[in-house]
Structures are given as C-alpha cells and as structure tokens.
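Student: Got a file for you: coords_22.tsv, TSV, C-alpha atoms.
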chain	number	residue	atom	x	y	z
A	1	MET	CA	-24.06	-12.21	7.41
A	2	THR	CA	-27.42	-11.63	9.07
A	3	PRO	CA	-28.62	-8.29	10.40
A	4	ASP	CA	-28.33	-9.70	13.95
A	5	ALA	CA	-24.72	-10.80	13.41
A	6	LEU	CA	-23.81	-7.46	11.82
A	7	ALA	CA	-25.37	-5.55	14.73
A	8	ARG	CA	-23.52	-7.66	17.32
A	9	LEU	CA	-20.18	-7.24	15.55
A	10	HIS	CA	-20.73	-3.53	15.00
A	11	ALA	CA	-21.61	-3.02	18.68
A	12	ALA	CA	-18.41	-4.83	19.74
A	13	ALA	CA	-16.29	-2.76	17.37
A	14	MET	CA	-17.70	0.70	18.12
A	15	ASP	CA	-15.62	1.59	21.20
A	16	GLY	CA	-18.39	3.56	22.89
A	17	ALA	CA	-20.03	5.21	19.87
A	18	ARG	CA	-23.64	4.36	19.02
A	19	PRO	CA	-23.75	1.13	17.04
A	20	TRP	CA	-26.30	0.46	14.34
A	21	SER	CA	-29.27	-1.67	15.32
A	22	ARG	CA	-30.39	-4.94	13.80
A	23	ASP	CA	-33.28	-3.06	12.18
A	24	GLU	CA	-30.95	-0.52	10.56
A	25	PHE	CA	-28.94	-3.33	8.99
A	26	ALA	CA	-32.12	-5.19	7.99
A	27	ASP	CA	-33.34	-2.05	6.21
A	28	LEU	CA	-30.08	-1.46	4.31
A	29	LEU	CA	-29.06	-4.98	3.25
A	30	PRO	CA	-31.84	-5.69	0.69
A	31	ARG	CA	-31.33	-2.40	-1.15
A	32	PRO	CA	-29.85	-2.90	-4.62
A	33	GLU	CA	-27.10	-0.32	-4.07
A	34	THR	CA	-25.76	-2.06	-0.94
A	35	VAL	CA	-22.49	-3.99	-1.01
A	36	LEU	CA	-21.23	-6.15	1.85
A	37	ALA	CA	-17.96	-7.99	2.24
A	38	ALA	CA	-17.80	-10.04	5.43
A	39	THR	CA	-16.10	-12.72	7.46
A	40	PRO	CA	-17.40	-13.93	10.83
A	41	GLN	CA	-15.08	-11.42	12.54
A	42	ALA	CA	-15.20	-8.38	10.23
A	43	PHE	CA	-17.23	-6.60	7.58
A	44	ALA	CA	-17.12	-3.70	5.17
A	45	LEU	CA	-20.49	-2.23	4.24
A	46	GLY	CA	-21.03	0.27	1.48
A	47	ARG	CA	-23.18	1.33	-1.40
A	48	VAL	CA	-22.73	2.00	-5.09
A	49	LEU	CA	-24.67	4.70	-6.90
A	50	LEU	CA	-23.86	5.13	-10.58
A	51	ASP	CA	-20.06	5.30	-10.83
A	52	GLU	CA	-19.35	6.17	-7.17
A	53	ALA	CA	-19.07	3.99	-4.12
A	54	GLU	CA	-19.19	4.96	-0.48
A	55	LEU	CA	-17.84	2.99	2.45
A	56	LEU	CA	-20.45	3.30	5.18
A	57	MET	CA	-18.60	1.31	7.81
A	58	LEU	CA	-15.77	-1.06	8.45
A	59	ALA	CA	-15.96	-3.14	11.62
A	60	VAL	CA	-13.55	-5.70	13.03
A	61	ASP	CA	-14.00	-7.72	16.21
A	62	PRO	CA	-11.60	-6.12	18.71
A	63	ALA	CA	-10.11	-9.55	19.54
A	64	CYS	CA	-9.20	-10.03	15.86
A	65	ARG	CA	-7.75	-6.63	14.97
A	66	ARG	CA	-4.35	-6.17	13.33
A	67	ASN	CA	-4.67	-9.46	11.43
A	68	GLY	CA	-5.60	-8.08	8.01
A	69	LEU	CA	-9.33	-8.78	8.24
A	70	GLY	CA	-10.36	-5.16	7.76
A	71	ARG	CA	-8.02	-4.83	4.79
A	72	ARG	CA	-9.38	-8.04	3.26
A	73	CYS	CA	-13.03	-7.00	3.69
A	74	LEU	CA	-12.34	-3.53	2.31
A	75	HIS	CA	-10.54	-4.99	-0.70
A	76	ASP	CA	-13.46	-7.38	-1.34
A	77	LEU	CA	-15.88	-4.46	-1.13
A	78	HIS	CA	-13.74	-2.59	-3.69
A	79	VAL	CA	-13.92	-5.56	-6.07
A	80	GLN	CA	-17.72	-5.72	-5.73
A	81	ALA	CA	-18.02	-1.97	-6.29
A	82	VAL	CA	-15.89	-2.14	-9.45
A	83	ALA	CA	-18.05	-5.02	-10.71
A	84	ARG	CA	-21.07	-2.72	-10.29
A	85	GLY	CA	-19.43	0.07	-12.30
A	86	ALA	CA	-17.91	2.25	-9.58
A	87	VAL	CA	-14.69	4.06	-10.45
A	88	ARG	CA	-14.17	5.99	-7.21
A	89	ILE	CA	-14.88	5.33	-3.54
A	90	PHE	CA	-15.39	7.80	-0.72
A	91	LEU	CA	-15.46	7.47	3.05
A	92	GLU	CA	-15.42	9.59	6.13
A	93	VAL	CA	-13.45	8.70	9.23
A	94	ASP	CA	-13.12	10.26	12.65
A	95	ALA	CA	-9.98	12.40	12.70
A	96	GLU	CA	-9.15	10.75	16.05
A	97	ASN	CA	-9.29	7.18	14.63
A	98	ALA	CA	-5.59	6.73	13.92
A	99	ALA	CA	-5.82	3.00	13.17
A	100	ALA	CA	-8.53	3.42	10.53
A	101	ARG	CA	-6.77	6.40	8.99
A	102	ALA	CA	-3.54	4.40	8.73
A	103	LEU	CA	-5.37	1.57	6.95
A	104	TYR	CA	-7.02	3.94	4.49
A	105	ASP	CA	-3.72	5.74	3.85
A	106	ALA	CA	-1.99	2.41	3.23
A	107	MET	CA	-4.68	1.42	0.74
A	108	GLY	CA	-4.22	4.59	-1.30
A	109	TYR	CA	-7.01	6.82	-0.05
A	110	GLU	CA	-6.32	10.54	-0.02
A	111	VAL	CA	-7.85	13.29	2.09
A	112	CYS	CA	-10.28	15.41	0.08
A	113	GLY	CA	-12.21	17.22	2.78
A	114	ARG	CA	-13.02	17.80	6.43
A	115	ARG	CA	-16.32	18.14	8.27
A	116	ARG	CA	-15.66	20.12	11.44
A	117	GLY	CA	-17.27	18.86	14.65
A	118	TYR	CA	-18.98	15.97	12.86
A	119	TYR	CA	-18.57	13.16	15.43
A	120	ALA	CA	-20.18	13.72	18.84
A	121	HIS	CA	-18.39	12.29	21.87
A	122	PRO	CA	-20.18	12.21	25.23
A	123	GLY	CA	-18.35	14.33	27.76
A	124	ARG	CA	-15.82	15.84	25.37
A	125	PRO	CA	-15.71	18.03	22.26
A	126	ALA	CA	-16.88	16.70	18.91
A	127	SER	CA	-14.18	15.60	16.49
A	128	ASP	CA	-13.83	16.25	12.79
A	129	ALA	CA	-14.66	13.84	10.02
A	130	ILE	CA	-11.91	13.39	7.46
A	131	VAL	CA	-13.32	12.75	3.98
A	132	MET	CA	-11.13	10.47	1.88
A	133	ALA	CA	-11.38	9.10	-1.65
A	134	CYS	CA	-9.53	6.84	-4.03
A	135	ALA	CA	-9.77	5.56	-7.58
A	136	LEU	CA	-11.28	2.08	-7.36
A	137	PRO	CA	-9.91	0.14	-10.31
A	138	ARG	CA	-6.37	0.58	-8.98
A	139	LEU	CA	-7.43	-0.54	-5.49
A	140	ALA	CA	-9.39	-3.56	-6.68
A	141	ARG	CA	-6.35	-4.88	-8.59
A	142	SER	CA	-3.72	-4.05	-5.98
A	143	PRO	CA	-1.81	-7.17	-4.93
A	144	CYS	CA	-1.11	-5.66	-1.51
A	145	ALA	CA	-4.75	-4.84	-0.82
A	146	GLY	CA	-5.91	-8.33	-0.11
With the file now loaded, output its structure as structure tokens.

Tutor:
Amino acid sequence: MTPDALARLHAAAMDGARPWSRDEFADLLPRPETVLAATPQAFALGRVLLDEAELLMLAVDPACRRNGLGRRCLHDLHVQAVARGAVRIFLEVDAENAAARALYDAMGYEVCGRRRGYYAHPGRPASDAIVMACALPRLARSPCAG
C-alpha cells in the first residue's frame, strides 16, 4: 500500500481525530523495524524492536467495518512480528473506543496500564489511553485470529 493510499484510508477511519499525512507514512514505511499488513480497505501498522512489537495503528474503511478486516490485518501483523523475533506486542487505545477495545479483548490482549488524559478531543475533555499487551506466539497461531 502506498503512503498516499494509507493516508487516505487513515483519514477516512479517524472519526474526527488528526490523521497521519502522506509524508508521515512515507517516512515510516522504509524503516527496517516497520511492519504493515494491509488490504485495500484496512491496514495494521506497527514496528518490531528486538523482541517486542508495537501496534501503531489499525484502520478500517468505515464502509467495511464489522467484516473481519481489522482482525485479519492485525493477525497478519502478528505473524510478521513473530517472524522478526517478537514475543510480545503492545498497543494503546482510546478508552472511549469501545469497538477497538472489544477487538483487542477478543484477540487476547490484556490491560497493563493507563495514560490519563492522553487523547485530546476538541471541545471536550481528553480521554485516557489504555495500554494493552499480549504474548505474540499464541496470537500468531490462533485459529480464531484470522
């Protein structure tokens, strides 16, 4: 997926939050630690450093949500991370994002922290970031994950 396509999809999926620009994606994609799992309607973007992975973002075209695309991309990202030596993956999610939290819960992630007031929202109070983590080898092999 090109930086332009990623930026367009991310902008559509952000529901009012600031999307990443084409240049931000163009800067990140060539880095050796970057992992990307994508379809034309969804992507999971992360990075692997040593034995840890981090999910940076998961985006699904709003017209295609609730069809398993996010789950499939996240599973494919897990497989890539395991292939690069990662044994654990972390993410942070807006405490108010119930759909994303339900997906991560269903895939075996567990809450391991909270960052108070992390996500700014124009015109209303900031919300917390929930930090979640999971052991990767189990996720990458899970028959229900993909």

Student: List the spatial neighbours of Ala100 of chain A as a list in words - criterion: any atom at most 10 Å away, only C-alpha atoms, same-chain residues fewer than 6 positions off excluded.

Tutor: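 After dropping sequence-adjacent residues, the list is Leu58, Ala59, Gly70, Val93, Asp94 and Ala106 of chain A.
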
Student: Choose the residue, out of A:Val48, A:Val87, A:Leu36, A:Val60, that has the smallest atom-to-atom separation from Leu136 of chain A; count all atoms listed in the file.

Tutor: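 Of A:Val48, A:Val87, A:Leu36, A:Val60, the one nearest Leu136 of chain A is A:Val87, counting all atoms listed in the file.
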
Student: Can you work out which one of A:Pro122, A:Pro62, A:Pro40, A:Gly46 has the shortest atom-to-atom distance to Glu92 of chain A, counting all atoms listed in the file?

Tutor: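 Result for the nearest residue to Glu92 of chain A: A:Gly46.
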
Student: Using only C-alpha atoms, find the one residue out of A:Asp105, A:Asp23, A:Glu33, A:Asp61 that sits nearest to Gln80 of chain A.

Tutor: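 Checking each of A:Asp105, A:Asp23, A:Glu33, A:Asp61 against Gln80 of chain A, counting only C-alpha atoms, the winner is A:Glu33.
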
Student: Which one of A:His78, A:Leu56, A:Leu29, A:Ala129 sits closest to Arg101 of chain A if you count all atoms listed in the file?

Tutor: A:Ala129

Student: Point out the residue among A:Arg66, A:Arg115, A:Arg72, A:Arg84 with the least atom-to-atom distance to Leu49 of chain A, counting only C-alpha atoms.

Tutor: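 Answer, going by the shortest atom-to-atom distance: A:Arg84.
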
Student: Near Cys112 of chain A, within 8 Å and counting all atoms listed in the file, which residues show up once chain neighbours fewer than 6 positions away are dropped, as a PDB file with C-alpha atoms, in the coordinates of the input?

Tutor:
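Wrote selection09.pdb, looks like this:
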ATOM      1  CA  ILE A 130     -11.910  13.390   7.460  1.00  0.00           C
ATOM      2  CA  VAL A 131     -13.320  12.750   3.980  1.00  0.00           C
ATOM      3  CA  MET A 132     -11.130  10.470   1.880  1.00  0.00           C
ATOM      4  CA  ALA A 133     -11.380   9.100  -1.650  1.00  0.00           C
TER       5      ALA A 133
END

Student: Starting from the point (-23.6, 2.5, 15.0), work out which residues of protein, DNA or RNA have an atom no more than 12 Å away when counting all atoms listed in the file; state them as a tab-separated table (two decimals) with C-alpha atoms, keeping the file's coordinate frame.

Tutor:
chain	number	residue	atom	x	y	z
A	6	LEU	CA	-23.81	-7.46	11.82
A	7	ALA	CA	-25.37	-5.55	14.73
A	8	ARG	CA	-23.52	-7.66	17.32
A	9	LEU	CA	-20.18	-7.24	15.55
A	10	HIS	CA	-20.73	-3.53	15.00
A	11	ALA	CA	-21.61	-3.02	18.68
A	12	ALA	CA	-18.41	-4.83	19.74
A	13	ALA	CA	-16.29	-2.76	17.37
A	14	MET	CA	-17.70	0.70	18.12
A	15	ASP	CA	-15.62	1.59	21.20
A	16	GLY	CA	-18.39	3.56	22.89
A	17	ALA	CA	-20.03	5.21	19.87
A	18	ARG	CA	-23.64	4.36	19.02
A	19	PRO	CA	-23.75	1.13	17.04
A	20	TRP	CA	-26.30	0.46	14.34
A	21	SER	CA	-29.27	-1.67	15.32
A	22	ARG	CA	-30.39	-4.94	13.80
A	23	ASP	CA	-33.28	-3.06	12.18
A	24	GLU	CA	-30.95	-0.52	10.56
A	25	PHE	CA	-28.94	-3.33	8.99
A	56	LEU	CA	-20.45	3.30	5.18
A	57	MET	CA	-18.60	1.31	7.81
A	58	LEU	CA	-15.77	-1.06	8.45
A	59	ALA	CA	-15.96	-3.14	11.62
A	119	TYR	CA	-18.57	13.16	15.43

Student: Distance atom CA of Glu54 of chain A-atom CA of Ala42 of chain A, one decimal place?

Tutor: 17.6 Å

Student: Find, counting only C-alpha atoms, the residue in A:Ala83, A:Ala53, A:Leu91, A:Ala102 that gets nearest to Arg71 of chain A.

Tutor: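 Selected residue with least distance to Arg71 of chain A: A:Ala102.
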
Student: Just give me the gap between atom CA of Thr2 of chain A and atom CA of Val35 of chain A in Å, one decimal is fine.

Tutor: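 Spanning atom CA of Thr2 of chain A to atom CA of Val35 of chain A is a straight-line distance of 13.6 Å.
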
Student: Could you tell me how far atom CA of Ala5 of chain A sits from atom CA of Pro32 of chain A, in Å to one decimal place?

Tutor: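 According to the coordinates, atom CA of Pro32 of chain A and atom CA of Ala5 of chain A are separated by 20.3 Å.
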
Student: So that all listed atoms of segment 118-131 of chain A fit with 5 Å spare on each side, what axis-aligned box centre and edge lengths in Å, to one decimal, would you give as AutoDock Vina command-line options?

Tutor:
--center_x -16.0 --center_y 15.1 --center_z 15.9 --size_x 18.3 --size_y 15.8 --size_z 33.8

Student: Neighbours of Glu96 of chain A within 8 Å (only C-alpha atoms; same-chain residues fewer than 2 positions away dropped), as number ranges by chain?

Tutor: A: 94, 98, 127-128

Student: Show which residues sit within 12 Å of Pro137 of chain A, as a ChimeraX atom specification. Count all atoms listed in the file, and ignore same-chain residues fewer than 3 positions away.

Tutor: /A:51-53,75,77-89,108,134,140-142,145

Student: Would you kindly place N, CA, C and O atoms on segment 111-130 of chain A and return the model as a PDB file, in the coordinates of the input?

Tutor:
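This is the output file selection-v4.pdb:
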ATOM      1  N   VAL A 111      -6.942  12.333   1.457  1.00  0.00           N
ATOM      2  CA  VAL A 111      -7.850  13.290   2.090  1.00  0.00           C
ATOM      3  C   VAL A 111      -8.369  14.260   1.037  1.00  0.00           C
ATOM      4  O   VAL A 111      -7.597  14.810   0.250  1.00  0.00           O
ATOM      5  N   CYS A 112      -9.688  14.461   1.026  1.00  0.00           N
ATOM      6  CA  CYS A 112     -10.280  15.410   0.080  1.00  0.00           C
ATOM      7  C   CYS A 112     -11.229  16.384   0.759  1.00  0.00           C
ATOM      8  O   CYS A 112     -11.840  17.217   0.099  1.00  0.00           O
ATOM      9  N   GLY A 113     -11.355  16.286   2.084  1.00  0.00           N
ATOM     10  CA  GLY A 113     -12.210  17.220   2.780  1.00  0.00           C
ATOM     11  C   GLY A 113     -12.231  16.979   4.264  1.00  0.00           C
ATOM     12  O   GLY A 113     -11.658  16.015   4.774  1.00  0.00           O
ATOM     13  N   ARG A 114     -12.899  17.881   4.972  1.00  0.00           N
ATOM     14  CA  ARG A 114     -13.020  17.800   6.430  1.00  0.00           C
ATOM     15  C   ARG A 114     -14.376  18.372   6.820  1.00  0.00           C
ATOM     16  O   ARG A 114     -14.781  19.405   6.308  1.00  0.00           O
ATOM     17  N   ARG A 115     -15.057  17.662   7.705  1.00  0.00           N
ATOM     18  CA  ARG A 115     -16.320  18.140   8.270  1.00  0.00           C
ATOM     19  C   ARG A 115     -16.071  18.437   9.744  1.00  0.00           C
ATOM     20  O   ARG A 115     -15.904  17.515  10.541  1.00  0.00           O
ATOM     21  N   ARG A 116     -16.008  19.695  10.081  1.00  0.00           N
ATOM     22  CA  ARG A 116     -15.660  20.120  11.440  1.00  0.00           C
ATOM     23  C   ARG A 116     -16.767  19.742  12.435  1.00  0.00           C
ATOM     24  O   ARG A 116     -17.956  19.927  12.168  1.00  0.00           O
ATOM     25  N   GLY A 117     -16.345  19.189  13.571  1.00  0.00           N
ATOM     26  CA  GLY A 117     -17.270  18.860  14.650  1.00  0.00           C
ATOM     27  C   GLY A 117     -18.323  17.833  14.292  1.00  0.00           C
ATOM     28  O   GLY A 117     -19.419  17.848  14.830  1.00  0.00           O
ATOM     29  N   TYR A 118     -18.008  16.915  13.414  1.00  0.00           N
ATOM     30  CA  TYR A 118     -18.980  15.970  12.860  1.00  0.00           C
ATOM     31  C   TYR A 118     -19.340  14.840  13.833  1.00  0.00           C
ATOM     32  O   TYR A 118     -20.481  14.425  13.916  1.00  0.00           O
ATOM     33  N   TYR A 119     -18.346  14.310  14.541  1.00  0.00           N
ATOM     34  CA  TYR A 119     -18.570  13.160  15.430  1.00  0.00           C
ATOM     35  C   TYR A 119     -18.741  13.630  16.870  1.00  0.00           C
ATOM     36  O   TYR A 119     -17.821  14.204  17.456  1.00  0.00           O
ATOM     37  N   ALA A 120     -19.914  13.376  17.451  1.00  0.00           N
ATOM     38  CA  ALA A 120     -20.180  13.720  18.840  1.00  0.00           C
ATOM     39  C   ALA A 120     -19.539  12.682  19.756  1.00  0.00           C
ATOM     40  O   ALA A 120     -19.557  11.488  19.455  1.00  0.00           O
ATOM     41  N   HIS A 121     -18.987  13.158  20.854  1.00  0.00           N
ATOM     42  CA  HIS A 121     -18.390  12.290  21.870  1.00  0.00           C
ATOM     43  C   HIS A 121     -18.933  12.713  23.226  1.00  0.00           C
ATOM     44  O   HIS A 121     -18.708  13.856  23.629  1.00  0.00           O
ATOM     45  N   PRO A 122     -19.633  11.836  23.913  1.00  0.00           N
ATOM     46  CA  PRO A 122     -20.180  12.210  25.230  1.00  0.00           C
ATOM     47  C   PRO A 122     -19.066  12.675  26.172  1.00  0.00           C
ATOM     48  O   PRO A 122     -18.037  12.021  26.310  1.00  0.00           O
ATOM     49  N   GLY A 123     -19.283  13.829  26.759  1.00  0.00           N
ATOM     50  CA  GLY A 123     -18.350  14.330  27.760  1.00  0.00           C
ATOM     51  C   GLY A 123     -17.105  15.005  27.234  1.00  0.00           C
ATOM     52  O   GLY A 123     -16.231  15.391  28.007  1.00  0.00           O
ATOM     53  N   ARG A 124     -16.983  15.146  25.929  1.00  0.00           N
ATOM     54  CA  ARG A 124     -15.820  15.840  25.370  1.00  0.00           C
ATOM     55  C   ARG A 124     -16.196  16.460  24.031  1.00  0.00           C
ATOM     56  O   ARG A 124     -17.239  16.136  23.468  1.00  0.00           O
ATOM     57  N   PRO A 125     -15.350  17.346  23.515  1.00  0.00           N
ATOM     58  CA  PRO A 125     -15.710  18.030  22.260  1.00  0.00           C
ATOM     59  C   PRO A 125     -15.859  17.070  21.074  1.00  0.00           C
ATOM     60  O   PRO A 125     -15.222  16.011  21.025  1.00  0.00           O
ATOM     61  N   ALA A 126     -16.692  17.466  20.155  1.00  0.00           N
ATOM     62  CA  ALA A 126     -16.880  16.700  18.910  1.00  0.00           C
ATOM     63  C   ALA A 126     -15.584  16.715  18.112  1.00  0.00           C
ATOM     64  O   ALA A 126     -14.790  17.648  18.198  1.00  0.00           O
ATOM     65  N   SER A 127     -15.368  15.678  17.345  1.00  0.00           N
ATOM     66  CA  SER A 127     -14.180  15.600  16.490  1.00  0.00           C
ATOM     67  C   SER A 127     -14.573  15.737  15.024  1.00  0.00           C
ATOM     68  O   SER A 127     -15.725  15.544  14.651  1.00  0.00           O
ATOM     69  N   ASP A 128     -13.596  16.057  14.218  1.00  0.00           N
ATOM     70  CA  ASP A 128     -13.830  16.250  12.790  1.00  0.00           C
ATOM     71  C   ASP A 128     -13.930  14.925  12.059  1.00  0.00           C
ATOM     72  O   ASP A 128     -13.341  13.920  12.469  1.00  0.00           O
ATOM     73  N   ALA A 129     -14.658  14.954  10.967  1.00  0.00           N
ATOM     74  CA  ALA A 129     -14.660  13.840  10.020  1.00  0.00           C
ATOM     75  C   ALA A 129     -13.684  14.187   8.905  1.00  0.00           C
ATOM     76  O   ALA A 129     -13.720  15.290   8.369  1.00  0.00           O
ATOM     77  N   ILE A 130     -12.807  13.253   8.589  1.00  0.00           N
ATOM     78  CA  ILE A 130     -11.910  13.390   7.460  1.00  0.00           C
ATOM     79  C   ILE A 130     -12.555  12.666   6.289  1.00  0.00           C
ATOM     80  O   ILE A 130     -12.899  11.482   6.396  1.00  0.00           O
TER      81      ILE A 130
END
